[in-house]
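Next comes entry-v1.txt, a file with compact mmCIF, C-alpha atoms.
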```txt
# COMPACT_ATOMS: atom_id res chain seq x y z
CA MET Q 1 -41.76 42.67 -49.42
CA ALA Q 2 -43.51 39.32 -49.00
CA VAL Q 3 -46.79 40.90 -50.08
CA GLU Q 4 -45.23 42.57 -53.11
CA ARG Q 5 -43.63 39.31 -54.20
CA TRP Q 6 -46.85 37.38 -53.63
CA LEU Q 7 -48.85 39.88 -55.68
CA ALA Q 8 -46.26 39.87 -58.45
CA ASP Q 9 -46.17 36.06 -58.50
CA SER Q 10 -49.91 35.98 -59.09
CA GLN Q 11 -49.26 37.51 -62.55
CA LEU Q 12 -52.54 39.38 -62.27
CA VAL Q 13 -52.09 42.90 -63.48
CA ALA Q 14 -54.92 45.23 -62.52
CA PRO Q 15 -55.83 47.85 -65.12
CA ARG Q 16 -55.49 50.50 -62.46
CA ALA Q 17 -53.72 50.69 -59.11
CA LEU Q 18 -55.59 49.58 -56.03
CA GLU Q 19 -54.54 50.91 -52.66
CA LEU Q 20 -53.55 48.30 -50.09
CA GLU Q 21 -52.45 49.69 -46.75
CA LEU Q 22 -50.87 47.20 -44.38
CA THR Q 23 -50.40 47.99 -40.71
CA VAL Q 24 -48.96 45.93 -37.88
CA ALA Q 25 -50.67 46.33 -34.52
CA SER Q 26 -50.07 45.04 -31.03
CA GLU Q 27 -53.74 44.64 -30.11
CA PRO Q 28 -56.48 42.82 -32.01
CA TRP Q 29 -59.42 44.73 -33.40
CA SER Q 30 -61.95 45.08 -30.60
CA GLY Q 31 -64.72 46.95 -32.35
CA GLN Q 32 -68.22 45.81 -33.06
CA ASP Q 33 -69.94 45.59 -36.41
CA LEU Q 34 -73.70 45.14 -36.21
CA ARG Q 35 -74.24 44.67 -39.93
CA PRO Q 36 -75.09 41.33 -41.57
CA CYS Q 37 -72.29 38.80 -41.34
CA LEU Q 38 -71.30 36.08 -43.78
CA ARG Q 39 -69.35 33.49 -41.83
CA GLN Q 40 -66.66 31.63 -43.73
CA PRO Q 41 -64.55 28.83 -42.23
CA ASP Q 42 -61.96 31.19 -40.73
CA ILE Q 43 -63.16 34.67 -41.58
CA ASP Q 44 -66.26 36.71 -40.76
CA LEU Q 45 -67.37 39.20 -43.39
CA TYR Q 46 -69.55 42.14 -42.34
CA TYR Q 47 -71.21 44.06 -45.14
CA GLY Q 48 -73.95 46.36 -46.30
CA PRO Q 49 -75.17 49.83 -45.36
CA PRO Q 50 -74.56 52.38 -44.09
CA ASP Q 51 -71.12 52.75 -45.65
CA GLY Q 52 -71.08 49.64 -47.83
CA ALA Q 53 -67.50 48.84 -46.91
CA LEU Q 54 -66.63 45.20 -46.34
CA ARG Q 55 -65.05 44.28 -43.02
CA LEU Q 56 -63.11 41.01 -42.82
CA VAL Q 57 -62.28 39.69 -39.38
CA TRP Q 58 -60.01 36.73 -39.14
CA ARG Q 59 -61.50 34.74 -36.29
CA ASP Q 60 -58.23 33.75 -34.68
CA GLY Q 61 -57.76 37.47 -34.09
CA ALA Q 62 -54.59 37.83 -36.10
CA GLY Q 63 -55.98 39.99 -38.87
CA HIS Q 64 -58.61 42.54 -39.69
CA ALA Q 65 -59.35 44.41 -42.92
CA VAL Q 66 -61.73 46.94 -44.38
CA VAL Q 67 -62.27 46.98 -48.13
CA HIS Q 68 -64.05 49.89 -49.81
CA LEU Q 69 -65.84 48.09 -52.59
CA GLY Q 70 -66.39 51.20 -54.68
CA SER Q 71 -62.78 52.35 -54.88
CA GLY Q 72 -61.11 49.02 -54.17
CA ALA Q 73 -58.97 50.56 -51.42
CA ALA Q 74 -58.20 48.30 -48.46
CA GLN Q 75 -56.75 48.78 -45.02
CA VAL Q 76 -55.34 45.64 -43.46
CA THR Q 77 -54.13 45.24 -39.90
CA LEU Q 78 -52.07 42.27 -38.76
CA LEU Q 79 -51.03 41.46 -35.24
CA GLU Q 80 -47.35 41.58 -34.39
CA HIS Q 81 -47.07 37.88 -33.71
CA ALA Q 82 -48.63 36.94 -37.06
CA ALA Q 83 -46.99 39.49 -39.34
CA PRO Q 84 -43.58 37.77 -39.74
CA ARG Q 85 -45.24 34.47 -40.72
CA SER Q 86 -46.55 35.58 -44.09
CA GLU Q 87 -47.43 32.05 -45.17
CA SER Q 88 -50.03 32.01 -42.39
CA TRP Q 89 -51.98 34.98 -43.70
CA LEU Q 90 -51.19 35.61 -47.36
CA ARG Q 91 -53.40 32.95 -48.87
CA PRO Q 92 -55.77 32.28 -45.97
CA PHE Q 93 -56.60 35.95 -45.36
CA LEU Q 94 -55.10 38.44 -47.77
CA LEU Q 95 -56.26 36.59 -50.87
CA LEU Q 96 -59.86 37.18 -49.82
CA VAL Q 97 -59.08 40.85 -49.19
CA VAL Q 98 -57.53 41.21 -52.64
CA ALA Q 99 -60.41 39.32 -54.26
CA ALA Q 100 -62.80 41.80 -52.64
CA GLN Q 101 -60.67 44.70 -53.90
CA TYR Q 102 -60.90 43.33 -57.43
CA ARG Q 103 -64.66 43.75 -57.35
CA ALA Q 104 -63.97 47.45 -57.89
CA LEU Q 105 -62.43 46.46 -61.24
CA GLY Q 106 -65.47 44.41 -62.23
CA TRP Q 107 -63.58 41.17 -61.54
CA SER Q 108 -65.62 38.48 -59.81
CA HIS Q 109 -63.89 35.74 -57.91
CA VAL Q 110 -64.99 32.15 -58.47
CA HIS Q 111 -63.53 28.93 -57.09
CA ALA Q 112 -62.67 27.28 -60.36
CA ALA Q 113 -59.86 25.79 -62.36
CA THR Q 114 -59.22 27.17 -65.82
CA ALA Q 115 -57.52 25.40 -68.69
CA VAL Q 116 -57.09 25.34 -72.45
CA ASP Q 117 -57.28 21.96 -74.16
CA PRO Q 118 -55.06 20.89 -77.07
CA ARG Q 119 -57.73 22.10 -79.51
CA GLY Q 120 -57.57 25.58 -78.03
CA ARG Q 121 -60.90 25.42 -76.21
CA GLY Q 122 -61.19 27.20 -72.91
CA TRP Q 123 -62.47 25.28 -69.90
CA LEU Q 124 -63.70 26.45 -66.54
CA VAL Q 125 -64.12 23.72 -63.93
CA ALA Q 126 -65.90 24.93 -60.82
CA GLY Q 127 -66.38 23.16 -57.55
CA ASP Q 128 -65.52 23.08 -53.88
CA SER Q 129 -62.16 22.22 -52.38
CA ARG Q 130 -62.82 18.47 -52.60
CA SER Q 131 -64.25 18.44 -56.12
CA GLY Q 132 -61.11 17.26 -57.88
CA LYS Q 133 -60.22 20.58 -59.53
CA SER Q 134 -56.54 20.49 -58.62
CA THR Q 135 -55.97 16.85 -59.44
CA THR Q 136 -57.76 17.35 -62.75
CA ALA Q 137 -55.70 20.48 -63.49
CA ALA Q 138 -52.50 18.53 -62.83
CA LEU Q 139 -53.65 15.63 -64.96
CA LEU Q 140 -54.57 17.95 -67.82
CA ALA Q 141 -51.23 19.75 -67.55
CA SER Q 142 -49.53 16.35 -67.87
CA ARG Q 143 -51.39 15.91 -71.18
CA GLY Q 144 -50.08 19.18 -72.52
CA TRP Q 145 -53.01 21.43 -71.63
CA GLY Q 146 -52.56 25.02 -70.63
CA VAL Q 147 -53.58 25.67 -67.04
CA GLY Q 148 -54.49 29.05 -65.58
CA THR Q 149 -55.34 28.13 -62.03
CA ASP Q 150 -56.55 25.18 -60.02
CA ASP Q 151 -58.80 27.24 -57.77
CA THR Q 152 -58.72 31.02 -57.94
CA ALA Q 153 -60.30 32.53 -61.03
CA PHE Q 154 -61.73 35.95 -61.78
CA LEU Q 155 -64.51 36.56 -64.28
CA VAL Q 156 -63.92 39.84 -66.07
CA ASP Q 157 -66.90 42.11 -66.58
CA GLY Q 158 -66.89 44.09 -69.79
CA THR Q 159 -65.41 41.39 -71.99
CA LYS Q 160 -67.43 39.74 -74.75
CA PRO Q 161 -67.33 36.80 -74.52
CA VAL Q 162 -66.60 36.63 -70.80
CA ALA Q 163 -62.91 36.10 -70.11
CA VAL Q 164 -61.48 34.55 -66.99
CA LEU Q 165 -58.21 35.58 -65.42
CA ALA Q 166 -56.14 33.25 -63.30
CA TRP Q 167 -54.46 33.93 -60.00
CA ARG Q 168 -51.21 32.13 -60.64
CA GLU Q 169 -50.00 29.83 -57.92
CA PRO Q 170 -48.82 26.23 -57.89
CA ILE Q 171 -51.36 23.49 -58.55
CA ALA Q 172 -51.82 22.24 -55.01
CA LEU Q 173 -52.23 18.49 -54.66
CA ARG Q 174 -53.24 16.55 -51.62
CA ASP Q 175 -51.44 13.28 -50.95
CA ASP Q 176 -54.14 11.20 -52.60
CA GLY Q 177 -54.02 13.23 -55.81
CA TYR Q 178 -50.23 13.16 -55.75
CA ARG Q 179 -50.25 9.36 -55.49
CA LEU Q 180 -52.97 8.87 -58.10
CA LEU Q 181 -50.99 10.90 -60.58
CA GLY Q 182 -47.83 8.96 -59.78
CA LEU Q 183 -45.86 12.14 -59.32
CA THR Q 184 -42.57 12.76 -57.63
CA GLY Q 185 -40.97 16.02 -56.61
CA GLY Q 186 -42.92 19.22 -56.36
CA ALA Q 187 -42.73 21.95 -53.76
CA ALA Q 188 -44.03 21.35 -50.26
CA LEU Q 189 -46.86 23.72 -49.38
CA ALA Q 190 -46.49 23.05 -45.69
CA ARG Q 191 -49.32 25.15 -44.34
CA ARG Q 192 -51.82 23.69 -46.78
CA GLY Q 193 -50.51 20.15 -46.34
CA LYS Q 194 -50.18 19.83 -50.09
CA THR Q 195 -47.55 19.56 -52.78
CA GLY Q 196 -47.31 22.26 -55.44
CA PHE Q 197 -46.49 21.94 -59.12
CA SER Q 198 -46.39 24.41 -61.95
CA PRO Q 199 -48.04 23.19 -65.17
CA ASP Q 200 -44.72 23.27 -67.03
CA GLU Q 201 -43.21 20.84 -64.51
CA LEU Q 202 -45.97 18.44 -65.53
CA GLY Q 203 -45.68 18.90 -69.28
CA GLY Q 204 -48.18 21.70 -69.72
CA ARG Q 205 -47.94 25.50 -69.64
CA TRP Q 206 -49.38 28.47 -67.84
CA VAL Q 207 -52.19 30.46 -69.41
CA ASP Q 208 -53.16 33.77 -67.90
CA ARG Q 209 -56.49 34.28 -69.58
CA VAL Q 210 -59.12 31.80 -70.69
CA THR Q 211 -62.33 32.36 -72.61
CA PRO Q 212 -64.45 29.41 -71.52
CA GLU Q 213 -66.28 27.45 -74.18
CA ILE Q 214 -66.90 24.67 -71.71
CA VAL Q 215 -68.09 25.09 -68.13
CA ALA Q 216 -68.04 22.01 -65.94
CA ILE Q 217 -69.41 21.75 -62.44
CA ALA Q 218 -67.21 19.11 -60.88
CA ALA Q 219 -67.50 16.56 -58.11
CA VAL Q 220 -65.68 13.32 -57.43
CA HIS Q 221 -67.57 10.07 -57.15
CA ASP Q 222 -66.95 6.32 -57.02
CA GLY Q 223 -68.24 5.45 -60.49
CA PRO Q 224 -66.78 6.09 -63.92
CA THR Q 225 -66.11 9.63 -65.10
CA THR Q 226 -69.17 11.16 -66.74
CA LEU Q 227 -69.91 14.49 -68.33
CA GLU Q 228 -73.61 15.25 -68.66
CA PRO Q 229 -75.08 18.35 -70.28
CA LEU Q 230 -76.37 20.81 -67.71
CA ARG Q 231 -79.06 23.40 -68.27
CA PRO Q 232 -77.40 26.81 -68.22
CA ALA Q 233 -79.73 28.06 -65.48
CA LEU Q 234 -78.58 25.23 -63.24
CA ALA Q 235 -74.97 25.98 -64.12
CA VAL Q 236 -75.52 29.58 -63.05
CA ALA Q 237 -76.97 28.44 -59.73
CA ASP Q 238 -73.95 26.19 -59.17
CA LEU Q 239 -71.49 28.89 -60.17
CA LEU Q 240 -73.09 31.19 -57.61
CA SER Q 241 -72.24 28.58 -54.98
CA TRP Q 242 -68.57 28.91 -55.79
CA SER Q 243 -68.43 32.68 -55.94
CA LEU Q 244 -69.75 33.82 -52.60
CA LEU Q 245 -68.05 37.22 -52.47
CA PHE Q 246 -70.84 38.87 -54.45
CA LEU Q 247 -73.14 38.20 -51.50
CA VAL Q 248 -71.28 40.77 -49.47
CA ASP Q 249 -71.56 43.31 -52.27
CA PRO Q 250 -75.32 43.87 -52.58
CA GLU Q 251 -74.75 46.75 -55.00
CA GLY Q 252 -72.74 44.51 -57.30
CA ALA Q 253 -74.85 41.36 -56.96
CA GLN Q 254 -76.95 41.96 -60.06
CA ARG Q 255 -73.82 42.65 -62.09
CA HIS Q 256 -72.30 39.39 -60.87
CA LEU Q 257 -75.46 37.46 -61.64
CA GLU Q 258 -75.51 38.84 -65.17
CA LEU Q 259 -71.81 38.10 -65.61
CA VAL Q 260 -72.24 34.48 -64.57
CA THR Q 261 -75.31 34.25 -66.81
CA ARG Q 262 -73.31 35.49 -69.79
CA LEU Q 263 -70.61 32.94 -69.01
CA ALA Q 264 -73.13 30.09 -68.89
CA SER Q 265 -74.74 31.35 -72.11
CA GLN Q 266 -71.50 31.48 -74.07
CA ALA Q 267 -70.35 28.01 -73.02
CA ARG Q 268 -71.56 24.46 -73.15
CA CYS Q 269 -72.33 23.53 -69.56
CA TYR Q 270 -71.83 20.12 -68.04
CA ARG Q 271 -72.06 18.25 -64.77
CA LEU Q 272 -68.69 16.52 -64.42
CA ARG Q 273 -68.45 13.50 -62.17
CA LEU Q 274 -64.84 12.51 -61.81
CA GLY Q 275 -64.03 8.86 -61.28
CA ARG Q 276 -60.70 7.16 -60.85
CA ASP Q 277 -60.88 5.84 -64.39
CA ILE Q 278 -59.68 9.23 -65.60
CA PHE Q 279 -56.18 8.35 -64.41
CA GLU Q 280 -56.18 5.32 -66.72
CA HIS Q 281 -57.69 7.38 -69.56
CA PRO Q 282 -56.21 10.83 -69.06
CA ASP Q 283 -57.60 12.14 -72.36
CA LEU Q 284 -61.12 11.20 -71.38
CA LEU Q 285 -62.37 14.78 -71.03
CA THR Q 286 -61.54 15.69 -74.60
CA GLU Q 287 -63.11 12.43 -75.75
CA LEU Q 288 -66.29 13.21 -73.80
CA VAL Q 289 -66.60 16.70 -75.31
CA PRO Q 290 -66.43 16.39 -79.09
CA MET U 1 -108.83 47.04 -50.53
CA THR U 2 -106.57 46.17 -53.44
CA VAL U 3 -103.79 43.73 -52.80
CA ARG U 4 -100.69 44.25 -54.86
CA TYR U 5 -97.58 42.14 -55.05
CA GLN U 6 -94.00 43.10 -55.73
CA ARG U 7 -90.64 41.41 -55.91
CA HIS U 8 -88.63 41.94 -52.75
CA PRO U 9 -86.05 44.68 -53.37
CA ASN U 10 -83.23 42.37 -52.29
CA VAL U 11 -84.13 39.79 -54.89
CA ARG U 12 -82.02 39.62 -58.01
CA LEU U 13 -83.13 37.90 -61.18
CA THR U 14 -81.49 36.83 -64.39
CA ALA U 15 -82.89 35.04 -67.40
CA LEU U 16 -81.36 32.59 -69.81
CA GLU U 17 -82.80 30.17 -72.30
CA GLY U 18 -86.30 30.74 -71.01
CA GLU U 19 -85.50 30.03 -67.39
CA GLY U 20 -84.75 32.33 -64.51
CA VAL U 21 -82.21 32.25 -61.73
CA VAL U 22 -83.43 33.96 -58.59
CA LEU U 23 -81.12 35.16 -55.88
CA HIS U 24 -82.36 36.42 -52.53
CA LEU U 25 -79.62 38.46 -50.91
CA ASP U 26 -81.19 38.45 -47.45
CA ASP U 27 -80.87 34.74 -46.86
CA ARG U 28 -78.36 34.02 -49.64
CA ARG U 29 -80.59 31.49 -51.33
CA TYR U 30 -80.84 30.99 -55.04
CA PHE U 31 -83.01 28.81 -57.17
CA THR U 32 -84.26 28.47 -60.71
CA VAL U 33 -87.74 29.14 -62.04
CA ASN U 34 -89.35 28.01 -65.28
CA ALA U 35 -90.55 30.30 -68.05
CA THR U 36 -93.87 31.02 -66.35
CA GLY U 37 -92.18 31.91 -63.09
CA LEU U 38 -89.76 34.10 -64.98
CA THR U 39 -92.61 35.98 -66.66
CA LEU U 40 -94.30 36.56 -63.31
CA LEU U 41 -91.14 37.66 -61.51
CA GLU U 42 -90.17 40.02 -64.31
CA SER U 43 -93.64 41.54 -64.13
CA LEU U 44 -93.35 41.84 -60.34
CA LEU U 45 -90.52 44.29 -60.60
CA GLU U 46 -93.38 46.81 -60.26
CA PRO U 47 -96.39 46.39 -57.93
CA ARG U 48 -99.01 44.18 -59.60
CA THR U 49 -102.45 42.90 -58.74
CA LEU U 50 -103.39 39.29 -59.23
CA ASP U 51 -105.43 40.38 -62.25
CA ASP U 52 -102.33 42.06 -63.71
CA LEU U 53 -100.40 38.82 -63.38
CA VAL U 54 -103.17 36.74 -64.88
CA ALA U 55 -103.28 39.14 -67.83
CA ALA U 56 -99.51 38.83 -68.24
CA LEU U 57 -99.73 35.05 -68.42
CA VAL U 58 -102.67 35.10 -70.83
CA ARG U 59 -100.76 37.55 -73.02
CA GLU U 60 -97.56 35.53 -73.00
CA TYR U 61 -98.86 31.99 -73.22
CA GLU U 62 -101.78 30.24 -74.86
CA VAL U 63 -103.63 29.74 -71.60
CA GLN U 64 -107.17 30.44 -70.41
CA PRO U 65 -107.71 32.94 -67.57
CA PRO U 66 -108.84 30.36 -64.98
CA GLU U 67 -105.70 28.29 -65.53
CA ALA U 68 -103.52 31.40 -65.51
CA ARG U 69 -105.12 32.53 -62.27
CA ALA U 70 -104.50 29.16 -60.61
CA THR U 71 -100.87 29.26 -61.75
CA ALA U 72 -100.34 32.80 -60.51
CA VAL U 73 -101.98 32.11 -57.15
CA ALA U 74 -99.81 29.03 -56.57
CA PHE U 75 -96.66 30.87 -57.60
CA LEU U 76 -97.43 33.88 -55.41
CA LYS U 77 -98.04 31.59 -52.45
CA GLN U 78 -94.63 29.96 -52.87
CA CYS U 79 -92.87 33.25 -53.42
CA THR U 80 -94.47 35.05 -50.50
CA GLU U 81 -93.64 32.13 -48.20
CA ARG U 82 -89.99 32.37 -49.32
CA GLY U 83 -89.91 36.14 -49.00
CA VAL U 84 -89.23 36.57 -52.70
CA VAL U 85 -92.46 38.51 -53.22
CA ARG U 86 -94.07 40.81 -50.72
CA THR U 87 -97.66 41.86 -50.36
CA LEU U 88 -98.58 45.53 -50.51
CA GLU U 89 -102.03 46.40 -49.25
CA ALA U 90 -103.55 49.74 -50.19
```
Could I get this structure in the form of structure tokens?
Amino acid sequence: MAVERWLADSQLVAPRALELELTVASEPWSGQDLRPCLRQPDIDLYYGPPDGALRLVWRDGAGHAVVHLGSGAAQVTLLEHAAPRSESWLRPFLLLVVAAQYRALGWSHVHAATAVDPRGRGWLVAGDSRSGKSTTAALLASRGWGVGTDDTAFLVDGTKPVAVLAWREPIALRDDGYRLLGLTGGAALARRGKTGFSPDELGGRWVDRVTPEIVAIAAVHDGPTTLEPLRPALAVADLLSWSLLFLVDPEGAQRHLELVTRLASQARCYRLRLGRDIFEHPDLLTELVP
Amino acid sequence: MTVRYQRHPNVRLTALEGEGVVLHLDDRRYFTVNATGLTLLESLLEPRTLDDLVAALVREYEVQPPEARATAVAFLKQCTERGVVRTLEA
């Protein structure tokens, strides 16, 4: 039930059903996978021939999954002790499994915030977990922008121009972002050590789908906020940094590269350096992009 | 013996606004190349000799063969060192 609710809350409706089989086991997976491995902070991903299936092994031993990238079917096994604590594995583990499943739909995961400004322009702001995406998303929501996601976006293949779907979940603020924005309230996201807000709590609204006209590669810095034009080829290289799943799908890598290229071609690309001055001038982004 | 060169099969390439973005799946590295590099890497989808590559540059750009050869040699050296291009000897 927790999984069904979590999937429904994401508001992402796949155009066809994807099989997700969830099993609870008493023993951790003890097999061996000799294929190439992409190590992520908590999860090892084994990929490539002979069968092309993606194997995700949660390194604390509590979860294991196999995703068939062609069909999108996934088999997930959780250990008995972990299964009842869904908050411990839904986002940290199952979200990556689901993102891998979506590759079968031509959806490519990218760590990015999506938003629509008051003039109706779509924005995609990509960057790592300390790049200011969430704080910016919250700030923009407080100025009436539409927000799709603060971190989990999916580029949709087959759309012209490229559209981006949002995995809906609360904008997750660390304490420093929470203080800088002068917020109160919100929902405690205990496991992530953050506080969650929906855009409408902040004065904005949810948007499910964004067609980016502006792509910004974000990072925080000590100086004033700047937005400098970025050559599209460099934007593509940066976007690849924030969409690592394609690396474990060699068959789909060219498709992903072309998708990201189309995105960078359709949009104006910028290097966004976020300074604290943006909190004093919250409409700065729209002023910087005429 | 004729030496031919070819893009590594695990290299992916995309072009935009005259530049290329190169992705090597084996070591998960990516980088950009300028228009000349893009021309050479697009040509290297099939096995090519150095003379083939020089001809491609002369055809595409207003450049004399000696300069094109020097450019191609330098580019091939970088790309073979990075594993982006492999040498086929036959």
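Using only C-alpha atoms, the shortest contact distance between chain U and any of Q:Ala112, Q:Ala104, Q:Leu38, Q:Ala172 is found at Q:Leu38.
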Which residues of chain U sit at most 7 Å from chain Q, using all atoms listed in the file? Give each one's shortest atom pair and distance in Å (one decimal place), in chain and ascending residue order, as CSV.
```
residue,atom,partner,partner_atom,distance
U:Arg12,CA,Q:Gln254,CA,5.9
U:Thr14,CA,Q:Glu258,CA,6.4
U:Leu16,CA,Q:Ala233,CA,6.5
U:Glu19,CA,Q:Ala233,CA,6.4
U:Gly20,CA,Q:Ala233,CA,6.7
U:Val21,CA,Q:Ala233,CA,6.1
U:Leu25,CA,Q:Leu247,CA,6.5
U:Arg28,CA,Q:Leu247,CA,6.9
U:Tyr30,CA,Q:Ala237,CA,6.6
U:Phe31,CA,Q:Ala237,CA,6.6
U:Thr32,CA,Q:Ala233,CA,6.6
```
What would the list of residues within 6 Å of (-61.6, 23.1, -62.9) (file frame) look like as a PDB file with C-alpha atoms, in the frame of the given file, if only C-alpha atoms are what count?
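After the write, out.pdb holds the following:
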```
ATOM      1  CA  ALA Q 112     -62.670  27.280 -60.360  1.00  0.00           C
ATOM      2  CA  ALA Q 113     -59.860  25.790 -62.360  1.00  0.00           C
ATOM      3  CA  THR Q 114     -59.220  27.170 -65.820  1.00  0.00           C
ATOM      4  CA  LEU Q 124     -63.700  26.450 -66.540  1.00  0.00           C
ATOM      5  CA  VAL Q 125     -64.120  23.720 -63.930  1.00  0.00           C
ATOM      6  CA  ALA Q 126     -65.900  24.930 -60.820  1.00  0.00           C
ATOM      7  CA  LYS Q 133     -60.220  20.580 -59.530  1.00  0.00           C
TER       8      LYS Q 133
END
```
Next on the checklist: What's around Pro65 (chain U) at 12 Å? Count only C-alpha atoms, leave out sequence neighbours fewer than 6 positions away in its own chain, and write the answer as a PyMOL selection string.
Outcome noted: chain U and resi 50-59+71-73
Checklist entry - At what distance in Å, to one decimal, does CA of Gln75 (chain Q) lie from CA of Ala62 (chain Q)? => result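 CA of Gln75 (chain Q) lies 14.3 Å from CA of Ala62 (chain Q).
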Checklist entry - So which residues touch Arg48 (chain U) within 7 Å, counting all atoms listed in the file, skipping near sequence neighbours fewer than 6 positions away, as a list of chain:residue names? => result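 So the residues in contact are U:Arg4, U:Tyr5, U:Gln6.
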Just-selected residues, C-alpha atoms written as a short mmCIF file (atom, residue, chain, number, x, y, z; two decimals), keeping the file's coordinate frame:
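Written file, part_30.cif:
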```cif
data_model
loop_
_atom_site.label_atom_id
_atom_site.label_comp_id
_atom_site.auth_asym_id
_atom_site.auth_seq_id
_atom_site.Cartn_x
_atom_site.Cartn_y
_atom_site.Cartn_z
CA ARG U 4 -100.69 44.25 -54.86
CA TYR U 5 -97.58 42.14 -55.05
CA GLN U 6 -94.00 43.10 -55.73
#
```
Next on the checklist: Restricting the calculation to only C-alpha atoms: of Q:Cys37, Q:Leu263, Q:Glu287, Q:Arg5, which residue gets closest to Asp26 (chain U)?
Outcome noted: Q:Cys37
Next on the checklist: Given the point (-57.4, 27.7, -61.4) in the file's coordinates, find the residues that have an atom at most 9 Å from it, counting only C-alpha atoms, and give them as a PyMOL selection string.
Outcome noted: chain Q and resi 111-115+124-126+133-134+137+147-153+165-169+171
Item to check | Selection: 9 Å around Gln101 (chain Q), all atoms listed in the file, excl. self and same-chain fewer than 3 positions, as number ranges by chain | outcome: Q: 18-20, 67-74, 96-98, 104-105, 107
